[in-house]
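Contents: one structure, followed by commentary.
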Amino acid sequence: MTPATSAATAGAVPRASGVALDRFSYDDAIVRKFLFATFIWGVVGMTVGLLIALQLASPIFNLGLEWTSFGRLRPLHTNAVIFAFAGNAFFTGAYYSTQRLLKARMFSDALSNFHFWGWQAIIVSAALTLPFGFTQAKEYAELEWPIDIAIAVVWVAFAVNFFGTLVKRRERHIYVALWFYIASIVTVAILHIFNNLSVPADFLKSYSIYAGVQDAFMQWWYGHNAVAFFLTTPFLGLMYYFMPKAAEGPVFSYKLSILHFWSLVFMYIWAGPHHLHYTALPEWASTVGMLFSVMLWAPSWGGMINGLLTLRGAWHKVAQDPILKFFVVGVTAYGMSTFEGPMLSIKSVNALAHYTDWIIAHVHTGALGWNGFMTFGMIYWLLPRLFQAPVYSKKAMELHFWISSVGIVLYVVAIYSAGVTQGLMWRAFDETGRLAYPDFVETVLKLMPMYWMRVAGGTMYIAGMVIFGWNIFKTWANRPAKYDVPVIEAAPLTKKYVEEHPVVPANGLWARFNQVQWHRAWERAPMLFTVLTTLAVIVASLFEILPTFLIKSNVPTIASVKPYTPLELAGRDLYIAEGCFNCHSQMIRPFRYETERFGEYSKPGESVYEHPFLWGSRRIGPDLAREGGKYPDLWHVRHFENPRAVTAKSIMPAYAHFLTKSIDFERIQSRVDAMAMVGVPYGDAVNKAPGMAREQAKQIAAAIVEQGGPAGLEDKEIVAMVAYMQRLGRDIKVTSTASKVTNTNSAATANGGTN
Amino acid sequence: MKLSDIMSYAQLSFYTEVALVLFLGVFIAITIRTFMPSRSRELDAASRLPLEDDVVLTPRVAER
């Protein structure tokens, strides 16, 4: 409400008459700060998105610089739009609504500001590390360990501030939006901490403590729940507060919103394994993931319907009010993507969609439609209240709405088509039973028109952002010289709870149990409520995750699989730094069309030393799980130097800097030591890694010269990359010669046999 | 003997089903409780919380 209208309600009935009333005011300055940050990071994140979209349409846009290649910028885009844009949008709405729903100023202004500046500093540090190749190689958890610690600290500050406000609240009942905030805050903390456990090798390099299957399981438990508890539940909380506000009426069914909450909390946490169908993950785990994902469809649509029906009796306003238009399209996009998510989790659908652009389209329906439009609607609603001036231009709001809507449609139609096209091409056989499109690059070139259409759609969405920014700026410019800070009055909570709607105690034990006074008491105790929610999340996670960690039969070991040599490890670190896993999977699924194209399917036992796992989630280039030995060393040298010299139409960025930058051999030792610490049996290599690496580098450089390549590469990064490429997937090919002994001195023996 | 040895001998995989039953039970209990007629008035009052969050005493000028 604007100050004018809220002054009119000043005479409203105090809820508890006869009690001394507290006087206080809300902290809106912090809300304004988060609002500006939301807009600025939105523009940055989406512009990087546009750049990487251009890079897929034409490799020229990699700009020939090592810092601006697709592999390094893609994580910057995802981190910026998720944690910077959507994150700041959640904080904007949460700081505004929490104070009002609890009738209390935030617990501590200092913590609010620490949260704000800390979060922005983390985003800046992400922008300063990801383009330089500092990454943990886990999707949406790329940031290296010092930044991870900073995230944990800032998040805890936010949590203390939030729960502190809950404790000193003046409203007994905790409104459902706040339940969603509580679940988000608690779960994100748990997800973040457990997925990022790693052993540092140096200041900005670490290895996940989990390996292979476990790491994959952990990562997608995190990855899926990051979508759930960073992009879904916080925004549902915002929906349950801001939609009733904008529609000027309560939510359609408060009971339905309670069910919506509990079913999401119970089910989401189990759904992660649907990201790993047909991989080396045990089948029971992926089936559990699929079932829970399908069940999630019901509460998600319950929530969508609840949101849309909140507009009952107000539909005529939708045509007039751009804010409601944003909300309607946002909630509908939530419905679309939560229908599609369960569908994609069904194994047979997933077999087609996995590794293709279909997933990218699915994500963008959610991100551009749900998160974007909910944010825009919320901010337009907040502008006059925060800046105490009417929104500058309603026409611009309309234009923003329409240009972004058309942009979304262009984007998703193009990318859905691209996904299905590529998926079908990969699995097509001709009448003689051979792959119809054996050349991978054919399946990429087919997508070019769709990629350009995506560029057009993304450009329109960003144009909408520019209009949005102009409108925010103009509204801000019309603000009063000093903001009015209304004084609120409300009664403090009484020590002892007085039932507003007393229930006559029933007769009999069962009847009294059914009255559930006990649960009503829980609800009034925010800390107990939080503990119980946390417990639900942790117990569910443990039941799901522990078996893969602890039951041996789930990951059969393969005796011939050995750790990487020190040089191969250095190459693998380069592969991670360049973000190669953003375009190349290392996980061949057990389908004929995959094994025909890439070779023997991947086994769980093959990734027991993979810290972190590098299975990937998208194939913009071919799978590399069996790359070793496919091509001569020189082919790789030429290909990295200029991919188009080898494959004319390739869209891969050039990595010419591999041929000029030197390997820091001495640093390999700390990497090997860190790997040994997470349990990789490195044997002798823990003492003499640099020497072993130099030795192997010399051999590879000699082989390159022998094949007619350039000389003098023995200390260049390219030999490490070649060593790694030539090692991939070869271990199981030497099964016949491997001994049955679970080898502990394998690094040294693996050295000779791999190139 | 490593932890994983002990755990694999303990045959714990059926625990996932136990968890499923527990969670389903709690969920059903919550559902029943939410829709009990005795709660209607309380929840209706709760649903109006966002709309009554600005009881203002006096507008005061401060803060920039």
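Chain labels follow the order of the structure tokens: the first chain is A, the next B, and so on; residue numbering restarts at 1 in every chain, and ligands are counted from 1 in their shown order.
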Taking 3 positions as the minimum chain separation for residues in the same chain, which residues sit within 8 Å of stretch 186-198 of chain A when counting only C-alpha atoms? Answer as a PDB file with C-alpha atoms, in the first residue's frame.
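out-v1.pdb was written with the following content:
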```
ATOM      1  CA  ALA A 141      28.551 -25.193  -7.587  1.00  0.00           C
ATOM      2  CA  TRP A 145      36.500 -23.376  -1.873  1.00  0.00           C
ATOM      3  CA  ASP A 148      32.224 -21.445  -0.859  1.00  0.00           C
ATOM      4  CA  ALA A 152      28.300 -20.261   3.933  1.00  0.00           C
ATOM      5  CA  TRP A 155      24.087 -17.394   4.301  1.00  0.00           C
ATOM      6  CA  VAL A 156      24.364 -18.043   8.031  1.00  0.00           C
ATOM      7  CA  ALA A 159      19.608 -17.107   8.521  1.00  0.00           C
ATOM      8  CA  ILE A 182      12.353 -21.139   6.078  1.00  0.00           C
ATOM      9  CA  ALA A 183      12.606 -24.326   3.993  1.00  0.00           C
ATOM     10  CA  SER A 206      40.323 -28.278  -4.751  1.00  0.00           C
ATOM     11  CA  TYR A 207      39.110 -31.813  -5.351  1.00  0.00           C
ATOM     12  CA  SER A 208      35.701 -33.079  -4.283  1.00  0.00           C
ATOM     13  CA  ILE A 209      35.940 -35.628  -1.479  1.00  0.00           C
ATOM     14  CA  TYR A 210      33.432 -37.773  -3.380  1.00  0.00           C
ATOM     15  CA  MET A 218      25.756 -35.830  -4.530  1.00  0.00           C
ATOM     16  CA  GLN A 219      26.011 -33.234  -7.289  1.00  0.00           C
ATOM     17  CA  TRP A 221      21.025 -34.183  -5.256  1.00  0.00           C
ATOM     18  CA  TYR A 222      22.436 -30.669  -4.929  1.00  0.00           C
ATOM     19  CA  ASN A 225      17.431 -29.230  -5.075  1.00  0.00           C
ATOM     20  CA  ALA A 226      19.157 -25.981  -5.949  1.00  0.00           C
ATOM     21  CA  PHE A 229      15.050 -24.547  -3.027  1.00  0.00           C
ATOM     22  CA  PHE A 230      16.682 -21.590  -4.760  1.00  0.00           C
ATOM     23  CA  THR A 530      12.435 -25.134  11.508  1.00  0.00           C
ATOM     24  CA  THR A 534      15.319 -29.573   8.565  1.00  0.00           C
ATOM     25  CA  VAL A 537      15.105 -32.803   4.551  1.00  0.00           C
TER      26      VAL A 537
END
```
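Compared by their closest atoms to chain B, and using only C-alpha atoms, the residues A:Leu713, A:Ala333, A:Ile258, A:Val409 rank with A:Ile258 nearest.
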Inset, instruction - Work out how far apart atom CA of B:Ala19 and atom CA of A:Trp615 are and give it in Å to one decimal. - result: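 Atom-to-atom, atom CA of B:Ala19 to atom CA of A:Trp615, that is 29.4 Å.
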Inset, instruction - For B:Ala46, work out the shell of residues within 8 Å, counting only C-alpha atoms and skipping chain neighbours fewer than 6 positions away, then give it as a list in words. - result: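 Within the cut-off, the hits are His173, Tyr175 and Tyr254 of chain A.
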Inset, instruction - Please provide as a VMD selection string all residues within 12 Å of A:Phe91, with the sequence filter that same-chain residues fewer than 3 positions apart are discarded (counting only C-alpha atoms). - result: chain A and resid 30 to 38 83 to 88 94 to 98 112 to 113 115 to 116 119 to 120 155 158 to 159 162 181 184 to 185 230 234 to 235 237 to 238 375 378 to 379
Legend entry - Test item: residues at most 10 Å from stretch 121-135 of chain A, only C-alpha atoms, excluding those fewer than 6 positions along its chain, as number ranges by chain: A: 41, 66-77, 79-80, 83-84, 115, 141-145, 147-148, 150-151, 154, 204-206, 573-579
Inset, instruction - Kindly give the distance, in Å, that separates atom CA of A:Ala20 and atom CA of B:Leu49, rounded to a single decimal. - result: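 That distance, rounded to one decimal, is 21.3 Å.
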Legend entry - Length of the atom CA of A:Ala536 to atom CA of A:Ser257 vector [Å]: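 According to the coordinates, atom CA of A:Ala536 and atom CA of A:Ser257 are separated by 18.3 Å.
Residues surrounding B:Arg48 within 6 Å are Pro250 of chain A; Ala45 and Leu51 of chain B [only C-alpha atoms; sequence separation below 3 positions excluded].
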